[in-house]
Amino acid sequence: MGSTCFQSSSNDPQKLLNKKKTTIKNNQNNNEDNKSISKLSETKKEAEKRRREEALNLNDPFFLKFKNPLVRIHTNIKEIKKIDDLYQTLNLISTEEKTSNYKVKNIKIGLLRNMLKCDRDSSVIKKVIKEANIQKGLDHPSILKIFEIFDGHEYIVISEINDGKKLFDEINDFGPFQEKVAANLIYQLLRTVNYLHKKKGLIHSRINPGTIVVNTYDDENEFYDIKLINYHDVIPIESRIKPRTKEIFDNYKIDLLATDDQNNNFNNQDVFNYFGDSFIDRFFVAPETINGENYDELVDIYSIGIVAYFIITGKIPYMIYANPDPRDYILNNKKSNEFEDPLFENISPQGKILIKSMINRNPRYRITAEKALKSNWFITLETKKTLKIPNNEYKNILHNIETYKKPNRLQETALSFLIHNIPDIEDTRNINKVYSNFNSTFDGKMTLKQLQEGFENYLNSKSLEKNEFDKKMKSIFELLDTNKNEFIDYEEFCKGGVNKNLFTEKDVLKFAFDFIDKDGSGSINFQELKSILYNDDNNKEVEQIIEEMELGDGENNVLTFEKFEESMNNYLNKVDEG
């Protein structure tokens with residue numbers, strides 16, 4: 001028994017049992033932990049796999065059409081980390097579809113910008129990337145410009161400031177528009193889609209009051225400056241297979257309205273407010289997008305026609321309040337309150353003719369954007385007059401164009417970059433109006449004939465011989481057509497027409513210098529100079545720039561900011577003296 005008293009505790013059966021239980025439990029916990037780690041690892045793998053599957057091939061010919069060397073794309077982690085040094089966040093504008101929009105200020109030049117942020121693992125990342133990579137190649141005053149893209153764990157897009165109101169909210173707050181105001185807005189919208197159709201070969205496919213942003217630019221007359229947004233659903237016109245829009249109808253359950261005892265008291269506003277503004281998309285799509293036909297760009301015209309009716313009356317044709325699913329009415333053209341609203345009845349006959357020709361159920365008989373822009377509605381209401389500017393401003397723009405000197409490639413790149421990145425100045429707004437008058441359909445392709453006809457109204461052409469006038473116009477055209485595509489693009493016209501003195505400030509020139517100084521070293525080397533030639537392999541042109549700037553021996557020398565500033569000021573001052 002004595003031996004029992006001095007037995008080691010490690011041999012105690014109960015303690016051994018407890019120890020065994022503890023070991024088993026620990027092993028179970030470890031197994032669970034290992035399973036959790038494995039599961040987490042699997043989740044990451046799945047997320048990475050999904051990311052690869054959802055990645056867009058930005059080298060696809062479709063996206064290459066929108067390549068724009070003036071838009072910086074940052075993928076280097078060091079560059080991405082510098083974003084807080086470049087932009088000061090002012091406030092949150094909106095959050096929607098797992099993206100956040102902020103108003104920010106560019107610290108270098110003090111101009112306001114829009115910053116869109118989207119997490120890389122977001123379900124909408126593919127849409128965000130697609131939209132940014134299309135929009136960066138669009139050049140139209142009613143389309144927001146893209147300035148920079150930061151591609152890291154967050155996808156960040158810096159664009160033109162976009163803190164206006166959606167058209168739907170403007171109608172909601174202030175009611176239907178006067179006919180003249182409505183015509184002005186529809187005219188701008190038609191110009192925008194004509195550019196998308198004719199110049200870029202795109203169908204927007206989702207035009208409605210939720211994809212149109214409005215800003216008042218004429219308080220006295222309440223005219224609006226519009227921006228058409230949301231390009232993630234654009235479709236190439238040439239695409240042989242077009243997607244159906246069935247899903248936008250099926251995503252909303254509306255049975256409760258149909259069975260509600262008070263359904264007859266519902267109106268458009270009640271329905272839209274109940275479901276949110278994304279719900280309204282379904283009321284603006286063309287019939288051929290629902291039934292699976294191989295539709296074309298005229299679906300956008302149908303949508304604009306419904307928008308026109310909506311902003312004039314505050315209501316939508318084909319809508320029956322007790323059953324706000326318009327498929328049957330769109331497809332079969334059954335009557336509801338179509339064109340019966342007193343507000344619509346009160347507009348001019350020309351307005352009725354145009355809107356009805358846009359909402360024609362058969363696309364074969366639907367009017368095109370180009371023809372719609374020539375409608376008598378816009379002539380009767382003198383819509384183009386809202387685009388006019390004082391003669392002295394016109395003369396200033398004309399003077400800037402006539403004295404524009406051909407820059408070297410470095411100067412041209414710097415000036416092009418500044419024109420693209422500083423669109424929000426008064427000069428640019430006036431140039432927009434002049435371009436609109438010359439290129440009346442605003443397809444973004446101003447011809448020599450349009451330039452001649454436009455200038456005939458402002459030059460004293462009677463004092464010039466016909467041959468002399470034509471020679472002068474041809475010389476201006478060739479100077480402005482810097483990409484030699486036989487058209488004057490909008491930004492090319494801006495580059496010639498803007499007052500070059502706006503770009504002589506040190507901070508502005510430093511902004512352009514930093515764009516060319518890709519590695520952020522504080523100087524521009526031979527390879528960076530070569531890169532401004534884009535895809536050209538032209539060492540000779542780089543050597544000419546180096547010689548002109550007296551930089552010394554080719555590849556062994558660099559361009560400092562001081563030398564760049566001197567070169568740009570010499571060029572800009574020459575233009576001014578001219």
# chains A, B, ... in the order shown; residues from 1 in each chain; ligands from 1

$ residues_around --residues "segment 210-213 of chain A" --least-positions-apart "3" --cutoff "9 Å" --atoms "only C-alpha atoms" --output "NGL selection string"
:A and (162-169 or 189 or 206-207 or 225-230 or 277-278 or 280-281)

$ closest_atom_pairs --of "segment 323-441 of chain A" --to "segment 513-531 of chain A" --cutoff "10 Å" --atoms "only C-alpha atoms" --output "Markdown table"
| residue | atom | partner | partner_atom | distance |
| --- | --- | --- | --- | --- |
| A:Arg409 | CA | A:Leu529 | CA | 9.2 |
| A:Leu410 | CA | A:Leu529 | CA | 7.4 |
| A:Thr413 | CA | A:Ile516 | CA | 8.5 |
| A:Ala414 | CA | A:Phe513 | CA | 7.3 |
| A:Phe417 | CA | A:Phe515 | CA | 8.1 |
| A:Leu418 | CA | A:Phe515 | CA | 9.9 |

$ write_last_selection --atoms "N, CA and C atoms" --output "CSV table (one decimal), in the first residue's frame"
chain,number,residue,atom,x,y,z
A,409,ARG,N,6.8,67.7,-81.1
A,409,ARG,CA,5.9,66.7,-80.5
A,409,ARG,C,5.9,66.8,-79.0
A,410,LEU,N,6.9,67.2,-78.4
A,410,LEU,CA,6.9,67.4,-76.9
A,410,LEU,C,5.9,68.5,-76.5
A,413,THR,N,2.3,67.3,-77.2
A,413,THR,CA,1.9,66.3,-76.2
A,413,THR,C,1.5,67.0,-74.9
A,414,ALA,N,2.3,68.0,-74.5
A,414,ALA,CA,2.0,68.8,-73.2
A,414,ALA,C,0.7,69.5,-73.4
A,417,PHE,N,-2.3,67.2,-73.5
A,417,PHE,CA,-2.6,66.7,-72.1
A,417,PHE,C,-3.3,67.8,-71.3
A,418,LEU,N,-2.9,69.0,-71.4
A,418,LEU,CA,-3.6,70.1,-70.7
A,418,LEU,C,-5.0,70.3,-71.2

$ residues_around --residues "Pro236 of chain A" --least-positions-apart "6" --cutoff "10 Å" --atoms "only C-alpha atoms" --output "list in words"
Phe62, Leu196, His197, Lys200, Gly201, Leu202, Ile203, His204, Lys242, Asp296 and Glu297 of chain A

$ residues_around --residues "Val181 of chain A" --least-positions-apart "6" --cutoff "10 Å" --atoms "only C-alpha atoms" --output "ChimeraX atom specification"
/A:187,221-224,311-312,381,383

$ select_by_dssp --residues "segment 431-520 of chain A" --states "helix (DSSP H, G or I)" --output "PDB file with N, CA, C and O atoms, in the first residue's frame"
ATOM      1  N   ILE A 431     -15.670  77.346 -76.840  1.00  0.00           N
ATOM      2  CA  ILE A 431     -15.181  76.572 -77.987  1.00  0.00           C
ATOM      3  C   ILE A 431     -16.160  75.445 -78.310  1.00  0.00           C
ATOM      4  O   ILE A 431     -16.403  75.138 -79.480  1.00  0.00           O
ATOM      5  N   ASN A 432     -16.728  74.839 -77.281  1.00  0.00           N
ATOM      6  CA  ASN A 432     -17.734  73.784 -77.461  1.00  0.00           C
ATOM      7  C   ASN A 432     -18.901  74.314 -78.293  1.00  0.00           C
ATOM      8  O   ASN A 432     -19.379  73.652 -79.223  1.00  0.00           O
ATOM      9  N   LYS A 433     -19.345  75.524 -77.996  1.00  0.00           N
ATOM     10  CA  LYS A 433     -20.482  76.092 -78.721  1.00  0.00           C
ATOM     11  C   LYS A 433     -20.128  76.372 -80.183  1.00  0.00           C
ATOM     12  O   LYS A 433     -20.944  76.144 -81.085  1.00  0.00           O
ATOM     13  N   VAL A 434     -18.904  76.867 -80.419  1.00  0.00           N
ATOM     14  CA  VAL A 434     -18.475  77.136 -81.789  1.00  0.00           C
ATOM     15  C   VAL A 434     -18.374  75.825 -82.570  1.00  0.00           C
ATOM     16  O   VAL A 434     -18.845  75.724 -83.702  1.00  0.00           O
ATOM     17  N   TYR A 435     -17.767  74.819 -81.955  1.00  0.00           N
ATOM     18  CA  TYR A 435     -17.648  73.515 -82.613  1.00  0.00           C
ATOM     19  C   TYR A 435     -19.038  72.958 -82.937  1.00  0.00           C
ATOM     20  O   TYR A 435     -19.256  72.380 -84.001  1.00  0.00           O
ATOM     21  N   SER A 436     -19.974  73.160 -82.009  1.00  0.00           N
ATOM     22  CA  SER A 436     -21.345  72.676 -82.205  1.00  0.00           C
ATOM     23  C   SER A 436     -22.013  73.361 -83.386  1.00  0.00           C
ATOM     24  O   SER A 436     -22.796  72.758 -84.115  1.00  0.00           O
ATOM     25  N   ASN A 437     -21.722  74.651 -83.565  1.00  0.00           N
ATOM     26  CA  ASN A 437     -22.305  75.372 -84.692  1.00  0.00           C
ATOM     27  C   ASN A 437     -21.710  74.906 -86.011  1.00  0.00           C
ATOM     28  O   ASN A 437     -22.418  74.799 -87.025  1.00  0.00           O
ATOM     29  N   PHE A 438     -20.422  74.616 -86.020  1.00  0.00           N
ATOM     30  CA  PHE A 438     -19.760  74.177 -87.251  1.00  0.00           C
ATOM     31  C   PHE A 438     -20.142  72.733 -87.578  1.00  0.00           C
ATOM     32  O   PHE A 438     -20.552  72.432 -88.683  1.00  0.00           O
ATOM     33  N   LEU A 448     -13.663  69.750 -93.761  1.00  0.00           N
ATOM     34  CA  LEU A 448     -13.167  71.017 -94.302  1.00  0.00           C
ATOM     35  C   LEU A 448     -14.333  71.889 -94.758  1.00  0.00           C
ATOM     36  O   LEU A 448     -14.343  73.101 -94.536  1.00  0.00           O
ATOM     37  N   LYS A 449     -15.354  71.267 -95.370  1.00  0.00           N
ATOM     38  CA  LYS A 449     -16.523  72.020 -95.832  1.00  0.00           C
ATOM     39  C   LYS A 449     -17.246  72.681 -94.658  1.00  0.00           C
ATOM     40  O   LYS A 449     -17.646  73.847 -94.743  1.00  0.00           O
ATOM     41  N   GLN A 450     -17.410  71.952 -93.550  1.00  0.00           N
ATOM     42  CA  GLN A 450     -18.069  72.525 -92.373  1.00  0.00           C
ATOM     43  C   GLN A 450     -17.253  73.678 -91.794  1.00  0.00           C
ATOM     44  O   GLN A 450     -17.817  74.686 -91.356  1.00  0.00           O
ATOM     45  N   LEU A 451     -15.937  73.543 -91.804  1.00  0.00           N
ATOM     46  CA  LEU A 451     -15.071  74.621 -91.318  1.00  0.00           C
ATOM     47  C   LEU A 451     -15.229  75.858 -92.191  1.00  0.00           C
ATOM     48  O   LEU A 451     -15.352  76.982 -91.682  1.00  0.00           O
ATOM     49  N   GLN A 452     -15.241  75.667 -93.503  1.00  0.00           N
ATOM     50  CA  GLN A 452     -15.391  76.788 -94.434  1.00  0.00           C
ATOM     51  C   GLN A 452     -16.731  77.489 -94.239  1.00  0.00           C
ATOM     52  O   GLN A 452     -16.800  78.714 -94.133  1.00  0.00           O
ATOM     53  N   GLU A 453     -17.811  76.699 -94.200  1.00  0.00           N
ATOM     54  CA  GLU A 453     -19.152  77.283 -94.051  1.00  0.00           C
ATOM     55  C   GLU A 453     -19.292  77.995 -92.715  1.00  0.00           C
ATOM     56  O   GLU A 453     -19.955  79.032 -92.617  1.00  0.00           O
ATOM     57  N   GLY A 454     -18.691  77.429 -91.655  1.00  0.00           N
ATOM     58  CA  GLY A 454     -18.764  78.063 -90.342  1.00  0.00           C
ATOM     59  C   GLY A 454     -18.058  79.393 -90.308  1.00  0.00           C
ATOM     60  O   GLY A 454     -18.582  80.383 -89.775  1.00  0.00           O
ATOM     61  N   PHE A 455     -16.869  79.465 -90.908  1.00  0.00           N
ATOM     62  CA  PHE A 455     -16.091  80.703 -90.866  1.00  0.00           C
ATOM     63  C   PHE A 455     -16.633  81.775 -91.798  1.00  0.00           C
ATOM     64  O   PHE A 455     -16.373  82.954 -91.595  1.00  0.00           O
ATOM     65  N   GLU A 456     -17.372  81.371 -92.812  1.00  0.00           N
ATOM     66  CA  GLU A 456     -17.921  82.353 -93.752  1.00  0.00           C
ATOM     67  C   GLU A 456     -18.809  83.368 -93.052  1.00  0.00           C
ATOM     68  O   GLU A 456     -18.934  84.507 -93.490  1.00  0.00           O
ATOM     69  N   SER A 461     -15.273  87.460 -95.681  1.00  0.00           N
ATOM     70  CA  SER A 461     -14.871  86.684 -96.849  1.00  0.00           C
ATOM     71  C   SER A 461     -15.034  87.479 -98.147  1.00  0.00           C
ATOM     72  O   SER A 461     -14.406  87.163 -99.152  1.00  0.00           O
ATOM     73  N   LYS A 462     -15.878  88.515 -98.118  1.00  0.00           N
ATOM     74  CA  LYS A 462     -16.065  89.316 -99.327  1.00  0.00           C
ATOM     75  C   LYS A 462     -14.786  90.060 -99.689  1.00  0.00           C
ATOM     76  O   LYS A 462     -14.564  90.403-100.850  1.00  0.00           O
ATOM     77  N   SER A 463     -13.961  90.346 -98.664  1.00  0.00           N
ATOM     78  CA  SER A 463     -12.713  91.060 -98.937  1.00  0.00           C
ATOM     79  C   SER A 463     -11.617  90.104 -99.414  1.00  0.00           C
ATOM     80  O   SER A 463     -10.539  90.523 -99.769  1.00  0.00           O
ATOM     81  N   LYS A 466     -12.068  84.131-103.648  1.00  0.00           N
ATOM     82  CA  LYS A 466     -12.514  82.771-103.320  1.00  0.00           C
ATOM     83  C   LYS A 466     -11.321  81.820-103.152  1.00  0.00           C
ATOM     84  O   LYS A 466     -11.261  81.054-102.199  1.00  0.00           O
ATOM     85  N   ASN A 467     -10.375  81.909-104.052  1.00  0.00           N
ATOM     86  CA  ASN A 467      -9.198  81.035-103.968  1.00  0.00           C
ATOM     87  C   ASN A 467      -8.393  81.303-102.702  1.00  0.00           C
ATOM     88  O   ASN A 467      -7.894  80.380-102.059  1.00  0.00           O
ATOM     89  N   GLU A 468      -8.292  82.582-102.350  1.00  0.00           N
ATOM     90  CA  GLU A 468      -7.528  82.960-101.158  1.00  0.00           C
ATOM     91  C   GLU A 468      -8.233  82.459 -99.889  1.00  0.00           C
ATOM     92  O   GLU A 468      -7.587  81.968 -98.955  1.00  0.00           O
ATOM     93  N   PHE A 469      -9.569  82.594 -99.870  1.00  0.00           N
ATOM     94  CA  PHE A 469     -10.347  82.129 -98.725  1.00  0.00           C
ATOM     95  C   PHE A 469     -10.224  80.613 -98.564  1.00  0.00           C
ATOM     96  O   PHE A 469      -9.982  80.109 -97.465  1.00  0.00           O
ATOM     97  N   ASP A 470     -10.365  79.893 -99.683  1.00  0.00           N
ATOM     98  CA  ASP A 470     -10.261  78.425 -99.637  1.00  0.00           C
ATOM     99  C   ASP A 470      -8.873  77.991 -99.183  1.00  0.00           C
ATOM    100  O   ASP A 470      -8.727  77.025 -98.415  1.00  0.00           O
ATOM    101  N   LYS A 471      -7.867  78.699 -99.651  1.00  0.00           N
ATOM    102  CA  LYS A 471      -6.492  78.373 -99.262  1.00  0.00           C
ATOM    103  C   LYS A 471      -6.278  78.592 -97.775  1.00  0.00           C
ATOM    104  O   LYS A 471      -5.641  77.782 -97.090  1.00  0.00           O
ATOM    105  N   LYS A 472      -6.855  79.676 -97.262  1.00  0.00           N
ATOM    106  CA  LYS A 472      -6.743  79.988 -95.831  1.00  0.00           C
ATOM    107  C   LYS A 472      -7.425  78.898 -94.995  1.00  0.00           C
ATOM    108  O   LYS A 472      -6.881  78.426 -93.990  1.00  0.00           O
ATOM    109  N   MET A 473      -8.621  78.473 -95.413  1.00  0.00           N
ATOM    110  CA  MET A 473      -9.360  77.443 -94.683  1.00  0.00           C
ATOM    111  C   MET A 473      -8.631  76.104 -94.725  1.00  0.00           C
ATOM    112  O   MET A 473      -8.556  75.395 -93.719  1.00  0.00           O
ATOM    113  N   LYS A 474      -8.077  75.785 -95.882  1.00  0.00           N
ATOM    114  CA  LYS A 474      -7.356  74.516 -96.007  1.00  0.00           C
ATOM    115  C   LYS A 474      -6.125  74.512 -95.111  1.00  0.00           C
ATOM    116  O   LYS A 474      -5.799  73.499 -94.474  1.00  0.00           O
ATOM    117  N   SER A 475      -5.457  75.647 -95.019  1.00  0.00           N
ATOM    118  CA  SER A 475      -4.267  75.767 -94.168  1.00  0.00           C
ATOM    119  C   SER A 475      -4.635  75.577 -92.700  1.00  0.00           C
ATOM    120  O   SER A 475      -3.944  74.856 -91.953  1.00  0.00           O
ATOM    121  N   ILE A 476      -5.752  76.199 -92.250  1.00  0.00           N
ATOM    122  CA  ILE A 476      -6.218  76.052 -90.865  1.00  0.00           C
ATOM    123  C   ILE A 476      -6.611  74.607 -90.599  1.00  0.00           C
ATOM    124  O   ILE A 476      -6.273  74.041 -89.547  1.00  0.00           O
ATOM    125  N   PHE A 477      -7.321  74.004 -91.558  1.00  0.00           N
ATOM    126  CA  PHE A 477      -7.780  72.619 -91.381  1.00  0.00           C
ATOM    127  C   PHE A 477      -6.597  71.674 -91.204  1.00  0.00           C
ATOM    128  O   PHE A 477      -6.584  70.831 -90.308  1.00  0.00           O
ATOM    129  N   GLU A 478      -5.599  71.796 -92.058  1.00  0.00           N
ATOM    130  CA  GLU A 478      -4.432  70.915 -91.991  1.00  0.00           C
ATOM    131  C   GLU A 478      -3.657  71.111 -90.695  1.00  0.00           C
ATOM    132  O   GLU A 478      -3.089  70.165 -90.148  1.00  0.00           O
ATOM    133  N   LEU A 479      -3.634  72.339 -90.205  1.00  0.00           N
ATOM    134  CA  LEU A 479      -2.934  72.620 -88.951  1.00  0.00           C
ATOM    135  C   LEU A 479      -3.643  71.997 -87.762  1.00  0.00           C
ATOM    136  O   LEU A 479      -3.014  71.423 -86.865  1.00  0.00           O
ATOM    137  N   LEU A 480      -4.986  72.060 -87.750  1.00  0.00           N
ATOM    138  CA  LEU A 480      -5.752  71.539 -86.613  1.00  0.00           C
ATOM    139  C   LEU A 480      -5.887  70.020 -86.649  1.00  0.00           C
ATOM    140  O   LEU A 480      -5.993  69.385 -85.595  1.00  0.00           O
ATOM    141  N   TYR A 490     -12.933  67.093 -81.658  1.00  0.00           N
ATOM    142  CA  TYR A 490     -13.297  68.144 -80.705  1.00  0.00           C
ATOM    143  C   TYR A 490     -12.076  68.687 -79.958  1.00  0.00           C
ATOM    144  O   TYR A 490     -11.869  69.896 -79.875  1.00  0.00           O
ATOM    145  N   GLU A 491     -11.234  67.783 -79.422  1.00  0.00           N
ATOM    146  CA  GLU A 491     -10.071  68.258 -78.663  1.00  0.00           C
ATOM    147  C   GLU A 491      -9.041  68.926 -79.574  1.00  0.00           C
ATOM    148  O   GLU A 491      -8.307  69.813 -79.124  1.00  0.00           O
ATOM    149  N   GLU A 492      -8.964  68.531 -80.824  1.00  0.00           N
ATOM    150  CA  GLU A 492      -8.075  69.210 -81.772  1.00  0.00           C
ATOM    151  C   GLU A 492      -8.530  70.652 -81.967  1.00  0.00           C
ATOM    152  O   GLU A 492      -7.711  71.580 -82.023  1.00  0.00           O
ATOM    153  N   PHE A 493      -9.849  70.845 -82.072  1.00  0.00           N
ATOM    154  CA  PHE A 493     -10.385  72.203 -82.228  1.00  0.00           C
ATOM    155  C   PHE A 493     -10.135  73.026 -80.965  1.00  0.00           C
ATOM    156  O   PHE A 493      -9.794  74.204 -81.044  1.00  0.00           O
ATOM    157  N   CYS A 494     -10.301  72.396 -79.803  1.00  0.00           N
ATOM    158  CA  CYS A 494     -10.020  73.084 -78.535  1.00  0.00           C
ATOM    159  C   CYS A 494      -8.564  73.530 -78.472  1.00  0.00           C
ATOM    160  O   CYS A 494      -8.255  74.635 -78.024  1.00  0.00           O
ATOM    161  N   LYS A 495      -7.673  72.646 -78.907  1.00  0.00           N
ATOM    162  CA  LYS A 495      -6.239  72.928 -78.843  1.00  0.00           C
ATOM    163  C   LYS A 495      -5.894  74.173 -79.657  1.00  0.00           C
ATOM    164  O   LYS A 495      -5.032  74.969 -79.270  1.00  0.00           O
ATOM    165  N   GLY A 496      -6.570  74.351 -80.806  1.00  0.00           N
ATOM    166  CA  GLY A 496      -6.326  75.527 -81.618  1.00  0.00           C
ATOM    167  C   GLY A 496      -7.026  76.762 -81.088  1.00  0.00           C
ATOM    168  O   GLY A 496      -6.475  77.866 -81.121  1.00  0.00           O
ATOM    169  N   GLY A 497      -8.252  76.604 -80.567  1.00  0.00           N
ATOM    170  CA  GLY A 497      -9.081  77.754 -80.221  1.00  0.00           C
ATOM    171  C   GLY A 497      -8.873  78.330 -78.842  1.00  0.00           C
ATOM    172  O   GLY A 497      -9.260  79.468 -78.572  1.00  0.00           O
ATOM    173  N   LYS A 500      -3.837  80.301 -75.237  1.00  0.00           N
ATOM    174  CA  LYS A 500      -2.675  79.554 -74.750  1.00  0.00           C
ATOM    175  C   LYS A 500      -2.065  80.167 -73.487  1.00  0.00           C
ATOM    176  O   LYS A 500      -1.333  79.490 -72.758  1.00  0.00           O
ATOM    177  N   ASN A 501      -2.373  81.433 -73.210  1.00  0.00           N
ATOM    178  CA  ASN A 501      -1.852  82.062 -71.987  1.00  0.00           C
ATOM    179  C   ASN A 501      -2.359  81.381 -70.720  1.00  0.00           C
ATOM    180  O   ASN A 501      -1.762  81.524 -69.650  1.00  0.00           O
ATOM    181  N   LEU A 502      -3.472  80.648 -70.844  1.00  0.00           N
ATOM    182  CA  LEU A 502      -4.024  79.940 -69.686  1.00  0.00           C
ATOM    183  C   LEU A 502      -3.068  78.876 -69.167  1.00  0.00           C
ATOM    184  O   LEU A 502      -3.185  78.434 -68.024  1.00  0.00           O
ATOM    185  N   PHE A 503      -2.122  78.463 -70.004  1.00  0.00           N
ATOM    186  CA  PHE A 503      -1.250  77.342 -69.643  1.00  0.00           C
ATOM    187  C   PHE A 503       0.180  77.763 -69.319  1.00  0.00           C
ATOM    188  O   PHE A 503       1.076  76.927 -69.248  1.00  0.00           O
ATOM    189  N   LYS A 506       3.217  78.318 -63.738  1.00  0.00           N
ATOM    190  CA  LYS A 506       4.221  77.321 -63.353  1.00  0.00           C
ATOM    191  C   LYS A 506       3.573  76.013 -62.904  1.00  0.00           C
ATOM    192  O   LYS A 506       4.007  74.920 -63.303  1.00  0.00           O
ATOM    193  N   ASP A 507       2.528  76.103 -62.068  1.00  0.00           N
ATOM    194  CA  ASP A 507       1.876  74.894 -61.554  1.00  0.00           C
ATOM    195  C   ASP A 507       1.252  74.070 -62.675  1.00  0.00           C
ATOM    196  O   ASP A 507       1.260  72.833 -62.639  1.00  0.00           O
ATOM    197  N   VAL A 508       0.688  74.757 -63.671  1.00  0.00           N
ATOM    198  CA  VAL A 508       0.047  74.069 -64.791  1.00  0.00           C
ATOM    199  C   VAL A 508       1.095  73.361 -65.641  1.00  0.00           C
ATOM    200  O   VAL A 508       0.924  72.201 -66.043  1.00  0.00           O
ATOM    201  N   LEU A 509       2.213  74.050 -65.906  1.00  0.00           N
ATOM    202  CA  LEU A 509       3.279  73.430 -66.689  1.00  0.00           C
ATOM    203  C   LEU A 509       3.919  72.265 -65.934  1.00  0.00           C
ATOM    204  O   LEU A 509       4.297  71.261 -66.536  1.00  0.00           O
ATOM    205  N   LYS A 510       4.026  72.383 -64.620  1.00  0.00           N
ATOM    206  CA  LYS A 510       4.580  71.284 -63.812  1.00  0.00           C
ATOM    207  C   LYS A 510       3.651  70.068 -63.884  1.00  0.00           C
ATOM    208  O   LYS A 510       4.096  68.916 -63.879  1.00  0.00           O
ATOM    209  N   PHE A 511       2.353  70.329 -63.945  1.00  0.00           N
ATOM    210  CA  PHE A 511       1.349  69.275 -64.072  1.00  0.00           C
ATOM    211  C   PHE A 511       1.584  68.482 -65.358  1.00  0.00           C
ATOM    212  O   PHE A 511       1.557  67.248 -65.368  1.00  0.00           O
ATOM    213  N   ALA A 512       1.832  69.193 -66.470  1.00  0.00           N
ATOM    214  CA  ALA A 512       2.113  68.535 -67.743  1.00  0.00           C
ATOM    215  C   ALA A 512       3.469  67.833 -67.716  1.00  0.00           C
ATOM    216  O   ALA A 512       3.619  66.726 -68.248  1.00  0.00           O
ATOM    217  N   PHE A 513       4.463  68.468 -67.108  1.00  0.00           N
ATOM    218  CA  PHE A 513       5.807  67.873 -67.010  1.00  0.00           C
ATOM    219  C   PHE A 513       5.764  66.532 -66.274  1.00  0.00           C
ATOM    220  O   PHE A 513       6.371  65.554 -66.702  1.00  0.00           O
ATOM    221  N   ASP A 514       5.013  66.485 -65.168  1.00  0.00           N
ATOM    222  CA  ASP A 514       4.924  65.256 -64.373  1.00  0.00           C
ATOM    223  C   ASP A 514       4.253  64.128 -65.155  1.00  0.00           C
ATOM    224  O   ASP A 514       4.529  62.950 -64.921  1.00  0.00           O
ATOM    225  N   PHE A 515       3.359  64.484 -66.074  1.00  0.00           N
ATOM    226  CA  PHE A 515       2.720  63.460 -66.913  1.00  0.00           C
ATOM    227  C   PHE A 515       3.746  62.795 -67.825  1.00  0.00           C
ATOM    228  O   PHE A 515       3.736  61.571 -68.009  1.00  0.00           O
ATOM    229  N   ILE A 516       4.662  63.589 -68.391  1.00  0.00           N
ATOM    230  CA  ILE A 516       5.674  63.043 -69.307  1.00  0.00           C
ATOM    231  C   ILE A 516       6.790  62.341 -68.517  1.00  0.00           C
ATOM    232  O   ILE A 516       7.360  61.356 -68.987  1.00  0.00           O
TER     233      ILE A 516
END
